[in-house]
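K.L.:
Structure file query_38.pdb, PDB, C-alpha atoms and all ligand atoms, is pasted below:
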```pdb
MODEL        1
ATOM      1  CA  MET A   1      55.135 -57.027  84.263  1.00  0.00           C
ATOM      2  CA  GLU A   2      51.571 -58.031  85.066  1.00  0.00           C
ATOM      3  CA  LYS A   3      51.681 -56.196  88.385  1.00  0.00           C
ATOM      4  CA  TRP A   4      52.881 -53.124  86.495  1.00  0.00           C
ATOM      5  CA  SER A   5      49.922 -53.168  84.158  1.00  0.00           C
ATOM      6  CA  VAL A   6      47.451 -53.613  87.013  1.00  0.00           C
ATOM      7  CA  SER A   7      48.858 -50.575  88.806  1.00  0.00           C
ATOM      8  CA  THR A   8      48.899 -48.537  85.617  1.00  0.00           C
ATOM      9  CA  THR A   9      45.251 -49.418  85.106  1.00  0.00           C
ATOM     10  CA  THR A  10      44.480 -48.352  88.676  1.00  0.00           C
ATOM     11  CA  LEU A  11      46.271 -45.080  88.066  1.00  0.00           C
ATOM     12  CA  ALA A  12      44.448 -44.484  84.800  1.00  0.00           C
ATOM     13  CA  ALA A  13      41.129 -45.272  86.473  1.00  0.00           C
ATOM     14  CA  SER A  14      41.910 -42.905  89.353  1.00  0.00           C
ATOM     15  CA  THR A  15      42.805 -40.157  86.922  1.00  0.00           C
ATOM     16  CA  ALA A  16      39.570 -40.711  85.013  1.00  0.00           C
ATOM     17  CA  VAL A  17      37.568 -40.604  88.239  1.00  0.00           C
ATOM     18  CA  MET A  18      39.338 -37.432  89.296  1.00  0.00           C
ATOM     19  CA  GLY A  19      38.593 -35.825  85.947  1.00  0.00           C
ATOM     20  CA  TRP A  20      34.949 -36.771  86.326  1.00  0.00           C
ATOM     21  CA  LEU A  21      34.833 -35.481  89.910  1.00  0.00           C
ATOM     22  CA  LEU A  22      36.439 -32.203  88.873  1.00  0.00           C
ATOM     23  CA  LEU A  23      33.774 -31.861  86.195  1.00  0.00           C
ATOM     24  CA  VAL A  24      31.063 -32.465  88.799  1.00  0.00           C
ATOM     25  CA  VAL A  25      32.664 -30.118  91.345  1.00  0.00           C
ATOM     26  CA  MET A  26      33.505 -27.357  88.852  1.00  0.00           C
ATOM     27  CA  GLY A  27      30.395 -27.902  86.710  1.00  0.00           C
ATOM     28  CA  GLY A  28      30.590 -28.975  83.071  1.00  0.00           C
ATOM     29  CA  PRO A  29      29.052 -27.010  80.196  1.00  0.00           C
ATOM     30  CA  VAL A  30      25.266 -26.722  80.416  1.00  0.00           C
ATOM     31  CA  LEU A  31      22.778 -26.453  77.555  1.00  0.00           C
ATOM     32  CA  HIS A  32      20.113 -23.840  78.288  1.00  0.00           C
ATOM     33  CA  LYS A  33      16.926 -24.118  76.272  1.00  0.00           C
ATOM     34  CA  VAL A  34      15.909 -20.524  75.662  1.00  0.00           C
ATOM     35  CA  GLY A  35      12.391 -19.878  76.944  1.00  0.00           C
ATOM     36  CA  GLY A  36      12.171 -23.264  78.680  1.00  0.00           C
ATOM     37  CA  SER A  37       9.541 -25.665  77.360  1.00  0.00           C
ATOM     38  CA  ARG A  38       7.911 -22.987  75.162  1.00  0.00           C
ATOM     39  CA  GLY A  39      11.138 -22.361  73.297  1.00  0.00           C
ATOM     40  CA  TRP A  40      11.767 -19.373  71.021  1.00  0.00           C
ATOM     41  CA  ILE A  41       8.319 -18.112  70.114  1.00  0.00           C
ATOM     42  CA  ASP A  42       6.257 -14.970  69.597  1.00  0.00           C
ATOM     43  CA  HIS A  43       4.271 -13.488  72.543  1.00  0.00           C
ATOM     44  CA  ASP A  44       4.246 -16.476  74.901  1.00  0.00           C
ATOM     45  CA  VAL A  45       7.456 -16.030  76.853  1.00  0.00           C
ATOM     46  CA  ASN A  46       8.947 -13.164  78.822  1.00  0.00           C
ATOM     47  CA  TYR A  47      12.604 -13.780  77.947  1.00  0.00           C
ATOM     48  CA  THR A  48      13.805 -11.170  80.427  1.00  0.00           C
ATOM     49  CA  GLU A  49      12.193 -13.191  83.175  1.00  0.00           C
ATOM     50  CA  TRP A  50      13.526 -16.468  81.746  1.00  0.00           C
ATOM     51  CA  SER A  51      17.045 -15.061  81.501  1.00  0.00           C
ATOM     52  CA  SER A  52      17.005 -13.731  85.063  1.00  0.00           C
ATOM     53  CA  GLN A  53      16.363 -17.274  86.333  1.00  0.00           C
ATOM     54  CA  GLN A  54      19.379 -18.767  84.535  1.00  0.00           C
ATOM     55  CA  HIS A  55      22.922 -19.183  85.777  1.00  0.00           C
ATOM     56  CA  VAL A  56      24.975 -19.165  82.620  1.00  0.00           C
ATOM     57  CA  TYR A  57      28.714 -19.713  82.614  1.00  0.00           C
ATOM     58  CA  VAL A  58      31.456 -19.443  80.001  1.00  0.00           C
ATOM     59  CA  GLY A  59      31.411 -22.592  77.855  1.00  0.00           C
ATOM     60  CA  ASP A  60      27.651 -23.149  78.235  1.00  0.00           C
ATOM     61  CA  TRP A  61      25.365 -23.414  75.222  1.00  0.00           C
ATOM     62  CA  LEU A  62      22.027 -21.865  74.305  1.00  0.00           C
ATOM     63  CA  LEU A  63      19.474 -23.905  72.387  1.00  0.00           C
ATOM     64  CA  PHE A  64      16.880 -22.038  70.334  1.00  0.00           C
ATOM     65  CA  MET A  65      13.866 -24.138  69.308  1.00  0.00           C
ATOM     66  CA  PHE A  66      11.615 -22.352  66.843  1.00  0.00           C
ATOM     67  CA  ASP A  67       9.556 -22.503  63.689  1.00  0.00           C
ATOM     68  CA  LYS A  68      11.992 -21.306  61.063  1.00  0.00           C
ATOM     69  CA  ARG A  69       9.160 -20.384  58.702  1.00  0.00           C
ATOM     70  CA  TYR A  70       8.473 -17.349  60.912  1.00  0.00           C
ATOM     71  CA  PHE A  71      11.351 -16.774  63.283  1.00  0.00           C
ATOM     72  CA  ASN A  72      15.119 -16.576  63.288  1.00  0.00           C
ATOM     73  CA  VAL A  73      17.954 -15.944  65.732  1.00  0.00           C
ATOM     74  CA  LEU A  74      20.406 -13.138  65.218  1.00  0.00           C
ATOM     75  CA  GLU A  75      23.122 -12.122  67.649  1.00  0.00           C
ATOM     76  CA  VAL A  76      23.244  -8.334  67.907  1.00  0.00           C
ATOM     77  CA  ASN A  77      24.889  -5.701  70.087  1.00  0.00           C
ATOM     78  CA  LYS A  78      23.232  -3.970  73.032  1.00  0.00           C
ATOM     79  CA  THR A  79      22.065  -0.958  71.039  1.00  0.00           C
ATOM     80  CA  SER A  80      20.441  -3.111  68.364  1.00  0.00           C
ATOM     81  CA  TYR A  81      18.853  -5.285  71.061  1.00  0.00           C
ATOM     82  CA  GLU A  82      17.288  -2.261  72.727  1.00  0.00           C
ATOM     83  CA  LYS A  83      16.046  -0.784  69.438  1.00  0.00           C
ATOM     84  CA  CYS A  84      15.079  -4.101  67.813  1.00  0.00           C
ATOM     85  CA  GLU A  85      17.422  -3.216  64.978  1.00  0.00           C
ATOM     86  CA  GLU A  86      17.943  -6.336  62.857  1.00  0.00           C
ATOM     87  CA  ARG A  87      20.195  -4.932  60.127  1.00  0.00           C
ATOM     88  CA  ASP A  88      23.966  -5.290  60.509  1.00  0.00           C
ATOM     89  CA  PHE A  89      23.626  -8.074  63.088  1.00  0.00           C
ATOM     90  CA  MET A  90      26.786  -9.642  64.484  1.00  0.00           C
ATOM     91  CA  LYS A  91      26.009 -13.310  63.841  1.00  0.00           C
ATOM     92  CA  ASN A  92      23.239 -15.317  62.204  1.00  0.00           C
ATOM     93  CA  VAL A  93      22.575 -18.277  64.492  1.00  0.00           C
ATOM     94  CA  THR A  94      19.643 -19.518  62.381  1.00  0.00           C
ATOM     95  CA  ARG A  95      20.008 -22.952  60.783  1.00  0.00           C
ATOM     96  CA  GLY A  96      17.172 -25.475  60.954  1.00  0.00           C
ATOM     97  CA  GLY A  97      15.163 -24.295  63.964  1.00  0.00           C
ATOM     98  CA  ARG A  98      16.978 -26.360  66.605  1.00  0.00           C
ATOM     99  CA  ASP A  99      20.006 -24.167  66.748  1.00  0.00           C
ATOM    100  CA  VAL A 100      22.755 -23.884  69.298  1.00  0.00           C
ATOM    101  CA  VAL A 101      25.290 -21.228  70.087  1.00  0.00           C
ATOM    102  CA  GLN A 102      28.182 -21.565  72.495  1.00  0.00           C
ATOM    103  CA  LEU A 103      28.899 -18.710  74.882  1.00  0.00           C
ATOM    104  CA  THR A 104      32.664 -18.394  74.960  1.00  0.00           C
ATOM    105  CA  GLU A 105      33.097 -15.065  76.760  1.00  0.00           C
ATOM    106  CA  ALA A 106      32.073 -13.606  80.101  1.00  0.00           C
ATOM    107  CA  LYS A 107      29.813 -10.826  78.811  1.00  0.00           C
ATOM    108  CA  THR A 108      26.160 -10.145  78.024  1.00  0.00           C
ATOM    109  CA  TYR A 109      25.035 -11.688  74.748  1.00  0.00           C
ATOM    110  CA  TYR A 110      22.046 -10.274  72.887  1.00  0.00           C
ATOM    111  CA  PHE A 111      19.778 -12.149  70.488  1.00  0.00           C
ATOM    112  CA  LEU A 112      16.601 -11.226  68.680  1.00  0.00           C
ATOM    113  CA  SER A 113      14.252 -12.538  66.056  1.00  0.00           C
ATOM    114  CA  ALA A 114      13.912 -10.405  62.949  1.00  0.00           C
ATOM    115  CA  GLY A 115      10.677  -9.923  61.037  1.00  0.00           C
ATOM    116  CA  GLY A 116       9.210  -7.522  63.608  1.00  0.00           C
ATOM    117  CA  TYR A 117       8.877 -10.200  66.306  1.00  0.00           C
ATOM    118  CA  CYS A 118      11.521  -8.496  68.418  1.00  0.00           C
ATOM    119  CA  PHE A 119       9.022  -5.695  69.034  1.00  0.00           C
ATOM    120  CA  HIS A 120       6.666  -8.295  70.556  1.00  0.00           C
ATOM    121  CA  GLY A 121       9.384  -9.382  72.961  1.00  0.00           C
ATOM    122  CA  MET A 122      11.284 -12.013  70.954  1.00  0.00           C
ATOM    123  CA  LYS A 123      14.632 -10.853  72.217  1.00  0.00           C
ATOM    124  CA  VAL A 124      16.861 -12.084  74.973  1.00  0.00           C
ATOM    125  CA  ALA A 125      19.874 -10.775  76.864  1.00  0.00           C
ATOM    126  CA  VAL A 126      21.990 -13.489  78.486  1.00  0.00           C
ATOM    127  CA  ASN A 127      24.513 -12.579  81.134  1.00  0.00           C
ATOM    128  CA  VAL A 128      27.422 -15.033  80.945  1.00  0.00           C
ATOM    129  CA  GLN A 129      29.602 -15.347  84.026  1.00  0.00           C
ATOM    130  CA  GLN A 130      33.102 -16.644  84.537  1.00  0.00           C
ATOM    131  CA  HIS A 131      33.228 -19.899  86.493  1.00  0.00           C
ATOM    132  CA  GLN A 132      33.716 -19.345  90.210  1.00  0.00           C
ATOM    133  CA  GLN A 133      37.245 -19.841  91.482  1.00  0.00           C
ATOM    134  CA  PRO A 134      37.605 -22.934  93.724  1.00  0.00           C
ATOM    135  CA  ALA A 135      38.039 -20.764  96.841  1.00  0.00           C
ATOM    136  CA  GLU A 136      34.954 -18.601  97.282  1.00  0.00           C
ATOM    137  CA  PRO A 137      35.936 -14.939  97.059  1.00  0.00           C
ATOM    138  CA  SER A 138      35.255 -13.360 100.433  1.00  0.00           C
ATOM    139  CA  PRO A 139      33.648  -9.908 100.621  1.00  0.00           C
ATOM    140  CA  ALA A 140      35.759  -9.101 103.708  1.00  0.00           C
ATOM    141  CA  PRO A 141      39.057  -7.361 102.804  1.00  0.00           C
ATOM    142  CA  ALA A 142      42.058  -9.723 102.971  1.00  0.00           C
ATOM    143  CA  PRO A 143      40.993 -12.192 105.658  1.00  0.00           C
ATOM    144  CA  ALA A 144      43.762 -14.166 107.349  1.00  0.00           C
ATOM    145  CA  PRO A 145      44.057 -17.552 105.651  1.00  0.00           C
ATOM    146  CA  SER A 146      42.611 -20.230 107.895  1.00  0.00           C
ATOM    147  CA  SER A 147      43.842 -23.799 107.722  1.00  0.00           C
ATOM    148  CA  ALA A 148      40.311 -25.057 108.372  1.00  0.00           C
ATOM    149  CA  ALA A 149      38.827 -23.088 105.462  1.00  0.00           C
ATOM    150  CA  VAL A 150      38.436 -25.914 102.963  1.00  0.00           C
ATOM    151  CA  SER A 151      35.268 -25.720 100.938  1.00  0.00           C
ATOM    152  CA  PRO A 152      33.136 -28.867 101.515  1.00  0.00           C
ATOM    153  CA  ALA A 153      32.844 -29.210  97.740  1.00  0.00           C
ATOM    154  CA  PHE A 154      36.560 -29.949  97.620  1.00  0.00           C
ATOM    155  CA  TRP A 155      36.607 -32.973  99.876  1.00  0.00           C
ATOM    156  CA  PRO A 156      35.847 -35.365  97.002  1.00  0.00           C
ATOM    157  CA  SER A 157      38.904 -34.149  95.046  1.00  0.00           C
ATOM    158  CA  ILE A 158      41.072 -34.395  98.149  1.00  0.00           C
ATOM    159  CA  VAL A 159      39.931 -37.979  98.654  1.00  0.00           C
ATOM    160  CA  THR A 160      40.723 -38.734  95.014  1.00  0.00           C
ATOM    161  CA  GLY A 161      44.097 -37.041  95.339  1.00  0.00           C
ATOM    162  CA  VAL A 162      44.994 -39.287  98.260  1.00  0.00           C
ATOM    163  CA  TRP A 163      43.766 -42.262  96.269  1.00  0.00           C
ATOM    164  CA  ILE A 164      46.080 -41.344  93.381  1.00  0.00           C
ATOM    165  CA  MET A 165      49.009 -40.887  95.763  1.00  0.00           C
ATOM    166  CA  VAL A 166      48.350 -44.369  97.163  1.00  0.00           C
ATOM    167  CA  ALA A 167      48.207 -45.742  93.623  1.00  0.00           C
ATOM    168  CA  HIS A 168      51.509 -44.018  92.855  1.00  0.00           C
ATOM    169  CA  VAL A 169      53.209 -45.419  95.943  1.00  0.00           C
ATOM    170  CA  LYS A 170      51.952 -48.876  94.975  1.00  0.00           C
ATOM    171  CA  LEU A 171      53.379 -48.384  91.504  1.00  0.00           C
ATOM    172  CA  VAL A 172      56.778 -47.318  92.845  1.00  0.00           C
ATOM    173  CA  LEU A 173      56.910 -50.171  95.378  1.00  0.00           C
ATOM    174  CA  MET A 174      55.998 -52.771  92.762  1.00  0.00           C
ATOM    175  CA  GLY A 175      58.353 -51.320  90.156  1.00  0.00           C
TER     176      GLY A 175
HETATM  177  C1  LIG A 201       8.972  -9.251  81.689  1.00  0.00           C
HETATM  178  O1  LIG A 201       9.393  -9.448  83.014  1.00  0.00           O
HETATM  179  C2  LIG A 201      10.114  -8.341  83.543  1.00  0.00           C
HETATM  180  C3  LIG A 201      10.680  -8.773  84.884  1.00  0.00           C
HETATM  181  O2  LIG A 201       9.743  -9.466  85.650  1.00  0.00           O
HETATM  182  C4  LIG A 201       9.197  -7.146  83.631  1.00  0.00           C
HETATM  183  O3  LIG A 201       9.910  -6.049  84.148  1.00  0.00           O
HETATM  184  C5  LIG A 201       8.688  -6.819  82.234  1.00  0.00           C
HETATM  185  O4  LIG A 201       7.759  -5.774  82.292  1.00  0.00           O
HETATM  186  C6  LIG A 201       8.039  -8.034  81.588  1.00  0.00           C
HETATM  187  N1  LIG A 201       7.767  -7.738  80.201  1.00  0.00           N
HETATM  188  C7  LIG A 201       6.600  -7.957  79.665  1.00  0.00           C
HETATM  189  C8  LIG A 201       6.480  -7.617  78.205  1.00  0.00           C
HETATM  190  O5  LIG A 201       5.657  -8.413  80.281  1.00  0.00           O
HETATM  191  C1  LIG A 202      25.723  -1.859  67.171  1.00  0.00           C
HETATM  192  O1  LIG A 202      25.415  -2.313  65.878  1.00  0.00           O
HETATM  193  C2  LIG A 202      24.843  -1.290  65.046  1.00  0.00           C
HETATM  194  C3  LIG A 202      24.441  -1.961  63.776  1.00  0.00           C
HETATM  195  O2  LIG A 202      25.536  -2.619  63.182  1.00  0.00           O
HETATM  196  C4  LIG A 202      25.855  -0.175  64.855  1.00  0.00           C
HETATM  197  O3  LIG A 202      25.297   0.863  64.077  1.00  0.00           O
HETATM  198  C5  LIG A 202      26.263   0.373  66.211  1.00  0.00           C
HETATM  199  O4  LIG A 202      27.294   1.318  66.052  1.00  0.00           O
HETATM  200  C6  LIG A 202      26.727  -0.747  67.120  1.00  0.00           C
HETATM  201  N1  LIG A 202      26.912  -0.207  68.447  1.00  0.00           N
HETATM  202  C7  LIG A 202      27.957  -0.517  69.209  1.00  0.00           C
HETATM  203  C8  LIG A 202      27.973   0.102  70.556  1.00  0.00           C
HETATM  204  O5  LIG A 202      28.849  -1.274  68.823  1.00  0.00           O
HETATM  205  C1  LIG A 203      20.544 -16.816  58.360  1.00  0.00           C
HETATM  206  O1  LIG A 203      20.992 -18.085  57.933  1.00  0.00           O
HETATM  207  C2  LIG A 203      19.954 -18.905  57.395  1.00  0.00           C
HETATM  208  C3  LIG A 203      20.523 -20.280  57.153  1.00  0.00           C
HETATM  209  O2  LIG A 203      21.774 -20.218  56.529  1.00  0.00           O
HETATM  210  C4  LIG A 203      19.430 -18.244  56.117  1.00  0.00           C
HETATM  211  O3  LIG A 203      18.412 -19.037  55.562  1.00  0.00           O
HETATM  212  C5  LIG A 203      18.884 -16.863  56.464  1.00  0.00           C
HETATM  213  O4  LIG A 203      18.518 -16.181  55.286  1.00  0.00           O
HETATM  214  C6  LIG A 203      19.932 -16.035  57.195  1.00  0.00           C
HETATM  215  N1  LIG A 203      19.294 -14.833  57.694  1.00  0.00           N
HETATM  216  C7  LIG A 203      19.828 -13.625  57.536  1.00  0.00           C
HETATM  217  C8  LIG A 203      19.047 -12.494  58.103  1.00  0.00           C
HETATM  218  O5  LIG A 203      20.912 -13.461  57.006  1.00  0.00           O
ENDMDL
END
```
Turn this file's structure into structure tokens for me.
Ligand SMILES: *[C@@H]1O[C@H](CO)[C@@H](O)[C@H](O)[C@H]1NC(C)=O
Ligand SMILES: *[C@@H]1O[C@H](CO)[C@@H](O)[C@H](O)[C@H]1NC(C)=O
Ligand SMILES: *[C@@H]1O[C@H](CO)[C@@H](O)[C@H](O)[C@H]1NC(C)=O
P.N.:
Amino acid sequence: MEKWSVSTTTLAASTAVMGWLLLVVMGGPVLHKVGGSRGWIDHDVNYTEWSSQQHVYVGDWLLFMFDKRYFNVLEVNKTSYEKCEERDFMKNVTRGGRDVVQLTEAKTYYFLSAGGYCFHGMKVAVNVQQHQQPAEPSPAPAPAPSSAAVSPAFWPSIVTGVWIMVAHVKLVLMG
């Protein structure tokens, strides 16, 4: 009975480690602070430039830090973004001035600040990408599958997989 519980603990620990490794390998959700250290502010930041330096994936979050006395955050469509049209926005993200929004779809999201600040550049377009598949898509058409083509990033999960198999075998032998 005691041996059982030890093995079960090992198995649980291995599973937890594998989950953690998968998170590290695949990349967990990331919080992107819009505008970097300057935050969401009038004049000071080129948000087009900021956005082009980000790698944003489905499940990530945006954090808008701003003075809510002057600014707000509205999600709009592309047309409204381009025209700085603040009426009939899609979603009001504004709460207290430290506001987050989760990006749940692979598409371009558009945000602006109303009150005329959009015309000064307080608007941002964020291109959200789907997470990469484990096997890197190759630009070459249908390459022959190679047995040696294992991405280096996957070795940790393989090691963990073997570890779990060993734990399983131990469990079966002891049981
Ligand atoms: C912001 O940066 C982009 C890309 O570098 C540039 O094309 C654009 O003119 C800049 N906008 C402003 C208002 O400076
Ligand atoms: C974008 O939103 C505006 C304002 O609600 C609306 O008039 C327009 O038709 C929308 N455009 C698209 C492409 O959905
Ligand atoms: C957005 O929501 C905030 C907080 O609920 C509210 O104070 C503000 O008036 C709203 N803005 C618009 C344009 O609806």
K.L.:
Could the residues that lie within 12 Å of ligand LIG 202 (chain A), counting only C-alpha atoms and all ligand atoms, be listed as a list in words?
P.N.:
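Counting only what the definition allows, namely only C-alpha atoms and all ligand atoms, the set is Leu74, Glu75, Val76, Asn77, Lys78, Thr79, Ser80, Tyr81, Glu82, Lys83, Cys84, Glu85, Glu86, Arg87, Asp88, Phe89, Met90, Lys91 and Tyr110 of chain A.
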K.L.:
Using only C-alpha atoms and all ligand atoms, what are the residues with an atom within 10 Å of ligand LIG 201 (chain A), set out as JSON, numbers by chain?
P.N.:
{"A": [43, 44, 45, 46, 47, 48, 49, 50, 51, 52, 119, 120, 121, 122]}
K.L.:
Box for ligand LIG 203 (chain A): with edges along x, y and z, all listed atoms inside and 4 Å added on each side, what are the centre and edge lengths in Å to one decimal, as JSON?
P.N.:
```
{"center_x": 20.1, "center_y": -16.4, "center_z": 56.8, "size_x": 11.4, "size_y": 15.8, "size_z": 11.1}
```
K.L.:
When the PyMOL selection byres (((not hetatm)) within 7 of (chain A and resi 203)) is applied to the structure above, which residues does it catch, written out as a PyMOL selection string?
P.N.:
chain A and resi 92-95
K.L.:
With only C-alpha atoms as the atoms that count, which of A:Val126, A:Val58, A:Gly35, A:Tyr117 lies nearest to A:Gln102?
P.N.:
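Going through A:Val126, A:Val58, A:Gly35, A:Tyr117 one by one, the smallest distance to A:Gln102 is for A:Val58.
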K.L.:
To one decimal in Å, tell me the separation between atom CA of A:Gly116 and atom CA of A:Val56.
P.N.:
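So the two atoms, atom CA of A:Gly116 and atom CA of A:Val56, lie 27.3 Å apart.
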K.L.:
May I ask which of the residues A:Val73, A:Val100, A:Ala106, A:Val34 is the closest one to A:Gln53, counting only C-alpha atoms?
P.N.:
A:Val34
K.L.:
Using all atoms listed in the file, can you tell me which of A:Asn127, A:Leu31, A:Cys118, A:Phe66 comes closest to A:Val101?
P.N.:
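Closest to A:Val101, using all atoms listed in the file: A:Leu31.
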